[in-house]
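Participant: Input structure: my_file.csv, which contains CSV, C-alpha atoms and all ligand atoms.
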```csv
chain,number,residue,atom,x,y,z
A,1,MET,CA,7.7,-20.8,-12.6
A,2,THR,CA,7.7,-17.0,-12.0
A,3,THR,CA,4.3,-16.1,-10.6
A,4,LEU,CA,2.6,-12.7,-10.5
A,5,TYR,CA,-0.1,-12.2,-7.8
A,6,PHE,CA,-2.7,-9.8,-9.2
A,7,SER,CA,-6.1,-8.4,-8.5
A,8,PRO,CA,-8.1,-7.5,-11.7
A,9,GLY,CA,-7.8,-3.9,-12.8
A,10,SER,CA,-5.6,-2.9,-9.9
A,11,CYS,CA,-2.1,-1.5,-10.1
A,12,SER,CA,-0.8,-5.1,-10.5
A,13,LEU,CA,-1.8,-4.5,-14.2
A,14,VAL,CA,1.5,-2.6,-14.5
A,15,PRO,CA,3.9,-5.6,-14.0
A,16,HIS,CA,1.4,-7.8,-15.7
A,17,ILE,CA,1.7,-5.8,-18.9
A,18,ALA,CA,5.5,-5.5,-18.4
A,19,LEU,CA,5.8,-9.3,-18.2
A,20,GLU,CA,3.7,-9.6,-21.4
A,21,GLU,CA,5.7,-6.9,-23.1
A,22,LEU,CA,9.0,-8.6,-22.3
A,23,GLY,CA,7.8,-12.1,-23.3
A,24,ILE,CA,8.7,-13.6,-20.0
A,25,THR,CA,7.1,-16.9,-19.1
A,26,PHE,CA,5.0,-16.6,-16.0
A,27,THR,CA,1.8,-17.6,-14.2
A,28,ALA,CA,-0.8,-15.1,-13.3
A,29,GLN,CA,-2.3,-15.9,-9.9
A,30,ARG,CA,-5.3,-14.0,-8.5
A,31,ALA,CA,-4.5,-12.9,-5.0
A,32,PRO,CA,-7.1,-13.4,-2.2
A,33,ARG,CA,-9.0,-10.3,-1.4
A,34,PRO,CA,-8.7,-8.8,2.1
A,35,GLY,CA,-11.0,-10.8,4.4
A,36,ALA,CA,-11.3,-13.7,2.0
A,37,ASP,CA,-10.1,-17.2,2.5
A,38,GLY,CA,-6.3,-17.4,2.0
A,39,HIS,CA,-5.6,-13.7,2.6
A,40,ALA,CA,-4.0,-14.3,6.0
A,41,GLU,CA,-1.7,-16.9,4.3
A,42,TYR,CA,-1.0,-14.4,1.5
A,43,MET,CA,0.1,-11.8,4.0
A,44,LYS,CA,2.2,-14.3,5.9
A,45,ASN,CA,3.9,-16.0,2.9
A,46,ILE,CA,3.9,-13.4,0.1
A,47,ASN,CA,3.3,-9.8,1.0
A,48,PRO,CA,2.9,-8.6,4.6
A,49,THR,CA,1.0,-5.5,3.5
A,50,GLY,CA,-1.6,-7.8,1.9
A,51,ALA,CA,-1.4,-5.7,-1.3
A,52,VAL,CA,-0.8,-6.7,-4.9
A,53,PRO,CA,1.4,-6.9,-7.0
A,54,ALA,CA,3.8,-9.5,-5.7
A,55,LEU,CA,6.2,-11.4,-8.0
A,56,VAL,CA,7.5,-14.8,-6.9
A,57,LEU,CA,10.6,-15.9,-8.8
A,58,ASP,CA,11.6,-19.4,-9.8
A,59,ASP,CA,13.8,-19.7,-6.7
A,60,ASN,CA,10.9,-18.5,-4.5
A,61,LYS,CA,12.4,-15.1,-3.8
A,62,ILE,CA,9.7,-12.5,-3.7
A,63,ILE,CA,9.6,-8.9,-5.0
A,64,THR,CA,6.9,-6.5,-4.0
A,65,GLN,CA,6.3,-2.8,-4.9
A,66,ASN,CA,5.6,-1.9,-8.6
A,67,VAL,CA,8.7,0.1,-9.1
A,68,ALA,CA,11.0,-2.6,-7.8
A,69,ILE,CA,9.3,-5.3,-9.8
A,70,VAL,CA,9.4,-3.2,-13.0
A,71,ASP,CA,13.1,-2.4,-12.4
A,72,TYR,CA,13.9,-6.1,-11.9
A,73,LEU,CA,11.9,-7.2,-15.0
A,74,SER,CA,13.6,-4.6,-17.2
A,75,GLY,CA,16.9,-6.2,-16.4
A,76,GLN,CA,15.8,-9.6,-17.5
A,77,LYS,CA,15.7,-8.7,-21.2
A,78,PRO,CA,18.3,-6.0,-21.6
A,79,GLY,CA,18.7,-6.5,-25.3
A,80,GLY,CA,15.1,-6.9,-26.4
A,81,ASN,CA,11.9,-5.0,-26.0
A,82,SER,CA,12.1,-3.0,-22.8
A,83,VAL,CA,9.9,-1.5,-20.2
A,84,LEU,CA,12.5,1.0,-19.0
A,85,PRO,CA,15.1,2.9,-21.1
A,86,VAL,CA,18.7,1.9,-20.8
A,87,GLN,CA,20.5,2.4,-17.5
A,88,GLY,CA,22.2,5.8,-17.1
A,89,SER,CA,20.2,7.5,-19.9
A,90,TYR,CA,18.2,10.7,-19.5
A,91,ALA,CA,15.2,8.8,-20.9
A,92,ARG,CA,15.5,6.3,-18.0
A,93,SER,CA,15.5,9.1,-15.4
A,94,GLN,CA,12.3,10.4,-17.0
A,95,ALA,CA,10.6,7.0,-17.1
A,96,LEU,CA,11.4,6.6,-13.4
A,97,ARG,CA,10.3,10.1,-12.6
A,98,TRP,CA,6.8,9.5,-14.1
A,99,LEU,CA,6.6,5.9,-12.9
A,100,CYS,CA,7.1,7.2,-9.4
A,101,PHE,CA,4.8,10.1,-10.0
A,102,ALA,CA,2.0,7.6,-10.9
A,103,ASN,CA,2.9,5.2,-8.0
A,104,SER,CA,3.5,7.6,-5.2
A,105,ASP,CA,1.8,10.9,-6.2
A,106,ILE,CA,-1.3,9.9,-8.1
A,107,HIS,CA,-2.2,6.3,-7.0
A,108,PRO,CA,-2.5,7.0,-3.2
A,109,LYS,CA,-5.1,9.7,-3.8
A,110,PHE,CA,-7.4,7.0,-5.2
A,111,GLY,CA,-7.3,5.2,-1.9
A,112,PRO,CA,-9.9,7.4,-0.2
A,113,LEU,CA,-12.1,7.1,-3.3
A,114,PHE,CA,-12.1,3.3,-3.2
A,115,GLY,CA,-12.4,3.1,0.6
A,116,PRO,CA,-12.9,6.4,2.5
A,117,SER,CA,-13.5,4.7,5.9
A,118,ARG,CA,-9.9,3.5,5.9
A,119,PHE,CA,-8.9,7.2,6.1
A,120,VAL,CA,-11.7,9.1,7.9
A,121,SER,CA,-14.1,7.4,10.3
A,122,ASP,CA,-17.0,9.9,10.3
A,123,GLU,CA,-19.1,9.2,7.2
A,124,ALA,CA,-20.3,12.8,7.2
A,125,ASN,CA,-16.8,13.8,6.0
A,126,HIS,CA,-16.4,11.2,3.3
A,127,ALA,CA,-17.8,13.4,0.5
A,128,ASP,CA,-15.4,16.2,1.4
A,129,LEU,CA,-12.5,13.8,1.5
A,130,LYS,CA,-13.4,12.3,-1.9
A,131,ALA,CA,-13.9,15.8,-3.5
A,132,ASN,CA,-10.5,16.9,-2.3
A,133,CYS,CA,-8.7,13.8,-3.5
A,134,SER,CA,-10.5,14.0,-6.9
A,135,LYS,CA,-9.4,17.6,-7.3
A,136,ALA,CA,-5.8,16.7,-6.4
A,137,ILE,CA,-5.9,13.9,-9.0
A,138,MET,CA,-7.2,16.2,-11.7
A,139,ASP,CA,-4.4,18.7,-11.0
A,140,LEU,CA,-1.8,15.9,-11.4
A,141,PHE,CA,-3.6,14.6,-14.5
A,142,ALA,CA,-3.3,18.1,-16.0
A,143,MET,CA,0.5,17.9,-15.6
A,144,VAL,CA,0.6,14.5,-17.3
A,145,ASP,CA,-1.6,15.8,-20.2
A,146,GLU,CA,0.9,18.6,-20.8
A,147,GLN,CA,3.6,16.0,-21.3
A,148,TYR,CA,1.6,13.9,-23.7
A,149,GLN,CA,0.9,17.1,-25.7
A,150,GLN,CA,4.7,17.1,-26.5
A,151,ARG,CA,5.4,13.5,-27.0
A,152,GLU,CA,3.8,10.1,-27.8
A,153,TRP,CA,5.3,8.3,-24.8
A,154,ILE,CA,6.2,10.2,-21.6
A,155,ALA,CA,9.9,9.3,-21.5
A,156,GLY,CA,10.4,9.7,-25.2
A,157,GLU,CA,10.0,5.9,-25.8
A,158,PHE,CA,7.4,3.5,-24.5
A,159,SER,CA,8.0,2.5,-20.9
A,160,ALA,CA,6.3,1.2,-17.7
A,161,ALA,CA,5.6,4.9,-16.8
A,162,ASP,CA,3.1,5.0,-19.6
A,163,VAL,CA,1.6,1.8,-18.4
A,164,TYR,CA,1.1,3.1,-14.8
A,165,LEU,CA,-0.3,6.4,-16.1
A,166,TYR,CA,-2.7,4.3,-18.2
A,167,VAL,CA,-3.8,2.2,-15.2
A,168,VAL,CA,-4.7,5.3,-13.1
A,169,MET,CA,-6.5,7.0,-16.0
A,170,ARG,CA,-8.4,3.8,-16.5
A,171,TRP,CA,-9.7,4.0,-12.9
A,172,ALA,CA,-10.6,7.7,-13.4
A,173,LEU,CA,-12.6,6.9,-16.6
A,174,MET,CA,-14.4,4.1,-14.9
A,175,MET,CA,-15.3,6.5,-12.1
A,176,LYS,CA,-16.5,9.1,-14.6
A,177,PHE,CA,-14.0,11.7,-13.8
A,178,PRO,CA,-14.4,14.9,-16.0
A,179,VAL,CA,-11.4,14.2,-18.1
A,180,GLU,CA,-12.8,15.3,-21.5
A,181,ASN,CA,-10.3,18.1,-21.8
A,182,LEU,CA,-7.3,15.9,-21.3
A,183,LYS,CA,-7.2,15.0,-24.9
A,184,ALA,CA,-3.4,14.2,-25.2
A,185,TYR,CA,-3.6,11.9,-22.1
A,186,ARG,CA,-6.7,10.2,-23.5
A,187,GLY,CA,-4.8,9.8,-26.8
A,188,MET,CA,-2.1,7.8,-25.0
A,189,VAL,CA,-4.7,5.6,-23.4
A,190,ASP,CA,-6.1,4.8,-26.9
A,191,ARG,CA,-2.6,4.2,-28.2
A,192,ILE,CA,-1.5,1.9,-25.4
A,193,GLN,CA,-4.7,-0.2,-25.6
A,194,THR,CA,-3.7,-1.3,-29.1
A,195,ARG,CA,-0.6,-3.0,-27.8
A,196,ASP,CA,-0.8,-6.8,-27.8
A,197,SER,CA,0.8,-6.9,-24.3
A,198,VAL,CA,-2.0,-4.8,-22.9
A,199,LYS,CA,-4.7,-6.8,-24.7
A,200,ARG,CA,-3.3,-10.1,-23.4
A,201,ALA,CA,-3.0,-8.9,-19.8
A,202,MET,CA,-6.5,-7.5,-19.8
A,203,ALA,CA,-7.9,-10.7,-21.3
A,204,THR,CA,-6.2,-12.7,-18.5
A,205,GLN,CA,-7.5,-10.4,-15.8
A,206,GLY,CA,-11.0,-10.4,-17.4
A,207,ILE,CA,-11.2,-6.6,-17.7
A,208,ALA,CA,-12.2,-4.4,-20.6
A,209,ALA,CA,-10.6,-1.5,-22.4
A,210,VAL,CA,-11.9,2.0,-21.6
B,301,LIG,N1,3.0,1.0,-3.4
B,301,LIG,C1,2.4,-0.3,-3.7
B,301,LIG,C2,0.9,-0.1,-3.9
B,301,LIG,C3,0.2,-1.4,-3.9
B,301,LIG,C4,-1.3,-1.2,-3.8
B,301,LIG,O1,-1.8,-0.2,-3.2
B,301,LIG,N2,-2.0,-2.2,-4.2
B,301,LIG,C5,-3.5,-2.2,-4.1
B,301,LIG,C6,-4.1,-2.5,-5.5
B,301,LIG,S1,-4.0,-1.1,-6.6
B,301,LIG,C7,-3.9,-3.2,-3.2
B,301,LIG,O2,-3.5,-4.4,-3.2
B,301,LIG,N3,-4.8,-2.9,-2.2
B,301,LIG,C8,-5.4,-3.8,-1.3
B,301,LIG,C9,-4.9,-3.5,0.1
B,301,LIG,O3,-4.1,-2.6,0.3
B,301,LIG,O4,-5.4,-4.2,1.0
B,301,LIG,C10,3.0,-0.9,-4.9
B,301,LIG,O5,3.5,-0.1,-5.8
B,301,LIG,O6,3.1,-2.1,-5.1
```
Starting from the file, lay out its structure as structure tokens.

Facilitator:
Amino acid sequence: MTTLYFSPGSCSLVPHIALEELGITFTAQRAPRPGADGHAEYMKNINPTGAVPALVLDDNKIITQNVAIVDYLSGQKPGGNSVLPVQGSYARSQALRWLCFANSDIHPKFGPLFGPSRFVSDEANHADLKANCSKAIMDLFAMVDEQYQQREWIAGEFSAADVYLYVVMRWALMMKFPVENLKAYRGMVDRIQTRDSVKRAMATQGIAAV
């Protein structure tokens, strides 16, 4: 059976919600943490970067990277609920634009907040690094908020881009970022958390709404 390797609350929540949204039968398998038993095997057999998510298909082929997984999943149910708008449409370009914005512009700036010593050795500089990353995240969040002031879902219809933007805002809320003024973005978070797919994925991962 299709297996999703995840870590609770991490970016692997994106394909987890997509799988639920599409009604695909799958097993959710918690990936071993770096340094824990089984992590070396996970790197050898599933994902050489050691990261989640990873999707293992019925024929044992493996897909890593959120954008690749979401693109693959969206093609599995072309006629039903979707997580990406139809190929070739403007809406799809916008969904991919904001999906990539979340994945490659916003997400990496959280890395130093979760583990500053992976980026800067001298502890004396950690506070400065974190402050700069937090400021950069807030600037990107403001751009996202502007979009949600104009439309309910960022590509004009619900898509995996909204899911990823939800996941990074969830981290920010848990870290007590000063996001009170980003009311439209917060509104999307409230909206998305009412979806059954989101509730089911969060229940499986053992994490709470924000
Ligand atoms: N670009 C990657 C990012 C994956 C990523 O950073 N995953 C994090 C969780 S949010 C992770 O597994 N970190 C643990 C590690 O890198 O060791 C993707 O889209 O799949």

Participant: Which residue, A:Ile46, A:Thr27, A:Asp128, A:Val14, has the smallest gap to Ala68 (chain A) when you use all atoms listed in the file?

Facilitator: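 Between A:Ile46, A:Thr27, A:Asp128, A:Val14, the residue approaching Ala68 (chain A) most closely is A:Val14.
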
Participant: Rank nothing, just name the residue among A:Glu20, A:Asp105, A:Asp139, A:Glu41 nearest to ligand LIG 301 (chain B), using all atoms listed in the file.

Facilitator: A:Asp105

Participant: A:Tyr185, A:Trp153, A:Trp171, A:Phe177: which is nearest ligand LIG 301 (chain B), counting only C-alpha atoms and all ligand atoms?

Facilitator: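 Selected residue with least distance to ligand LIG 301 (chain B): A:Trp171.
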
Participant: Enter the distance from CA of Tyr5 (chain A) to CA of Pro53 (chain A), in Å, rounded to one decimal.

Facilitator: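 A separation of 5.6 Å between them.
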
Participant: Write out as a PyMOL selection string each polymer residue (protein, DNA or RNA) that has an atom no more than 7 Å from ligand LIG 301 (chain B), with all atoms listed in the file counted.

Facilitator: chain A and resi 7+10-12+34+49-53+64-67+103-104

Participant: Quick one: which region 49-139 of chain A residues come within 9 Å of region 165-169 of chain A, and what is the nearest atom pair for each with the distance in Å to one decimal, counting all atoms listed in the file, rows ordered by chain and ascending number, as a tab-separated table?

Facilitator:
```
residue	atom	partner	partner_atom	distance
A:Trp98	CA	A:Leu165	CA	8.0
A:Leu99	CA	A:Leu165	CA	7.6
A:Phe101	CA	A:Leu165	CA	8.8
A:Ala102	CA	A:Leu165	CA	5.8
A:Asn103	CA	A:Leu165	CA	8.8
A:Ile106	CA	A:Val168	CA	7.6
A:His107	CA	A:Val168	CA	6.7
A:Phe110	CA	A:Val168	CA	8.5
```

Participant: So the first atom is CA of Phe26 (chain A) and the second is CA of Val210 (chain A); what is the distance between them in Å, to one decimal place?

Facilitator: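 Interatomic distance, CA of Phe26 (chain A) to CA of Val210 (chain A): 25.7 Å.
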
Participant: What residues have an atom no more than 12 Å from (1.2, -16.0, -13.2) in the file's own frame, counting only C-alpha atoms, and can you write them as number ranges by chain?

Facilitator: A: 1-7, 12-13, 15-17, 19-20, 24-31, 53-58, 201, 204-205

Participant: Only C-alpha atoms, please: the residues just picked out, written as an mmCIF file, in the frame of the given file.

Facilitator:
```
data_model
loop_
_atom_site.group_PDB
_atom_site.id
_atom_site.type_symbol
_atom_site.label_atom_id
_atom_site.label_comp_id
_atom_site.auth_asym_id
_atom_site.auth_seq_id
_atom_site.Cartn_x
_atom_site.Cartn_y
_atom_site.Cartn_z
ATOM 1 C CA MET A 1 7.700 -20.800 -12.600
ATOM 2 C CA THR A 2 7.700 -17.000 -12.000
ATOM 3 C CA THR A 3 4.300 -16.100 -10.600
ATOM 4 C CA LEU A 4 2.600 -12.700 -10.500
ATOM 5 C CA TYR A 5 -0.100 -12.200 -7.800
ATOM 6 C CA PHE A 6 -2.700 -9.800 -9.200
ATOM 7 C CA SER A 7 -6.100 -8.400 -8.500
ATOM 8 C CA SER A 12 -0.800 -5.100 -10.500
ATOM 9 C CA LEU A 13 -1.800 -4.500 -14.200
ATOM 10 C CA PRO A 15 3.900 -5.600 -14.000
ATOM 11 C CA HIS A 16 1.400 -7.800 -15.700
ATOM 12 C CA ILE A 17 1.700 -5.800 -18.900
ATOM 13 C CA LEU A 19 5.800 -9.300 -18.200
ATOM 14 C CA GLU A 20 3.700 -9.600 -21.400
ATOM 15 C CA ILE A 24 8.700 -13.600 -20.000
ATOM 16 C CA THR A 25 7.100 -16.900 -19.100
ATOM 17 C CA PHE A 26 5.000 -16.600 -16.000
ATOM 18 C CA THR A 27 1.800 -17.600 -14.200
ATOM 19 C CA ALA A 28 -0.800 -15.100 -13.300
ATOM 20 C CA GLN A 29 -2.300 -15.900 -9.900
ATOM 21 C CA ARG A 30 -5.300 -14.000 -8.500
ATOM 22 C CA ALA A 31 -4.500 -12.900 -5.000
ATOM 23 C CA PRO A 53 1.400 -6.900 -7.000
ATOM 24 C CA ALA A 54 3.800 -9.500 -5.700
ATOM 25 C CA LEU A 55 6.200 -11.400 -8.000
ATOM 26 C CA VAL A 56 7.500 -14.800 -6.900
ATOM 27 C CA LEU A 57 10.600 -15.900 -8.800
ATOM 28 C CA ASP A 58 11.600 -19.400 -9.800
ATOM 29 C CA ALA A 201 -3.000 -8.900 -19.800
ATOM 30 C CA THR A 204 -6.200 -12.700 -18.500
ATOM 31 C CA GLN A 205 -7.500 -10.400 -15.800
#
```

Participant: Measure the distance from CA of Met43 (chain A) to CA of Met202 (chain A) in Å and round it to one decimal.

Facilitator: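 Here the two named atoms are 25.1 Å from each other.
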
Participant: Neighbourhood query: residues within 6 Å of (-7.9, -4.0, -22.4), file coordinates, counting all atoms listed in the file; return as a ChimeraX atom specification.

Facilitator: /A:193,198-199,202,208-209

Participant: Residues at most 7 Å from region 83-95 of chain A, counting only C-alpha atoms, excluding those fewer than 3 positions away in the same chain, as an MDAnalysis selection string?

Facilitator: chainID A and resid 18 74 98:99 155:156 159:161

Participant: Which residues are near Phe119 (chain A)? Cut-off 12 Å, only C-alpha atoms, ignore same chain within fewer than 3 positions. Put them as a PyMOL selection string.

Facilitator: chain A and resi 108-116+122-123+125-126+129-130+133

Participant: Residues as selected, C-alpha atoms, written as a PDB file, in the coordinates of the input, can you do that?

Facilitator:
```pdb
ATOM      1  CA  PRO A 108      -2.500   7.000  -3.200  1.00  0.00           C
ATOM      2  CA  LYS A 109      -5.100   9.700  -3.800  1.00  0.00           C
ATOM      3  CA  PHE A 110      -7.400   7.000  -5.200  1.00  0.00           C
ATOM      4  CA  GLY A 111      -7.300   5.200  -1.900  1.00  0.00           C
ATOM      5  CA  PRO A 112      -9.900   7.400  -0.200  1.00  0.00           C
ATOM      6  CA  LEU A 113     -12.100   7.100  -3.300  1.00  0.00           C
ATOM      7  CA  PHE A 114     -12.100   3.300  -3.200  1.00  0.00           C
ATOM      8  CA  GLY A 115     -12.400   3.100   0.600  1.00  0.00           C
ATOM      9  CA  PRO A 116     -12.900   6.400   2.500  1.00  0.00           C
ATOM     10  CA  ASP A 122     -17.000   9.900  10.300  1.00  0.00           C
ATOM     11  CA  GLU A 123     -19.100   9.200   7.200  1.00  0.00           C
ATOM     12  CA  ASN A 125     -16.800  13.800   6.000  1.00  0.00           C
ATOM     13  CA  HIS A 126     -16.400  11.200   3.300  1.00  0.00           C
ATOM     14  CA  LEU A 129     -12.500  13.800   1.500  1.00  0.00           C
ATOM     15  CA  LYS A 130     -13.400  12.300  -1.900  1.00  0.00           C
ATOM     16  CA  CYS A 133      -8.700  13.800  -3.500  1.00  0.00           C
TER      17      CYS A 133
END
```

Participant: For region 182-184 of chain A, please output as a PyMOL selection string all residues within 6 Å (counting all atoms listed in the file; exclusion window: fewer than 3 positions along the same chain).

Facilitator: chain A and resi 145+148-149+179+187

Participant: For Tyr72 (chain A), which residue out of A:Ser121, A:Asp196, A:Pro32, A:Leu22 is the nearest one, using all atoms listed in the file?

Facilitator: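 Among A:Ser121, A:Asp196, A:Pro32, A:Leu22, it is A:Leu22 that comes nearest to Tyr72 (chain A).
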
Participant: For each of A:Ile207, A:Met138, A:Asp190, A:Gln150, take the minimum atom-to-atom distance to Pro178 (chain A), counting all atoms listed in the file, then give the residue where this is smallest.

Facilitator: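 The closest residue to Pro178 (chain A) is A:Met138.
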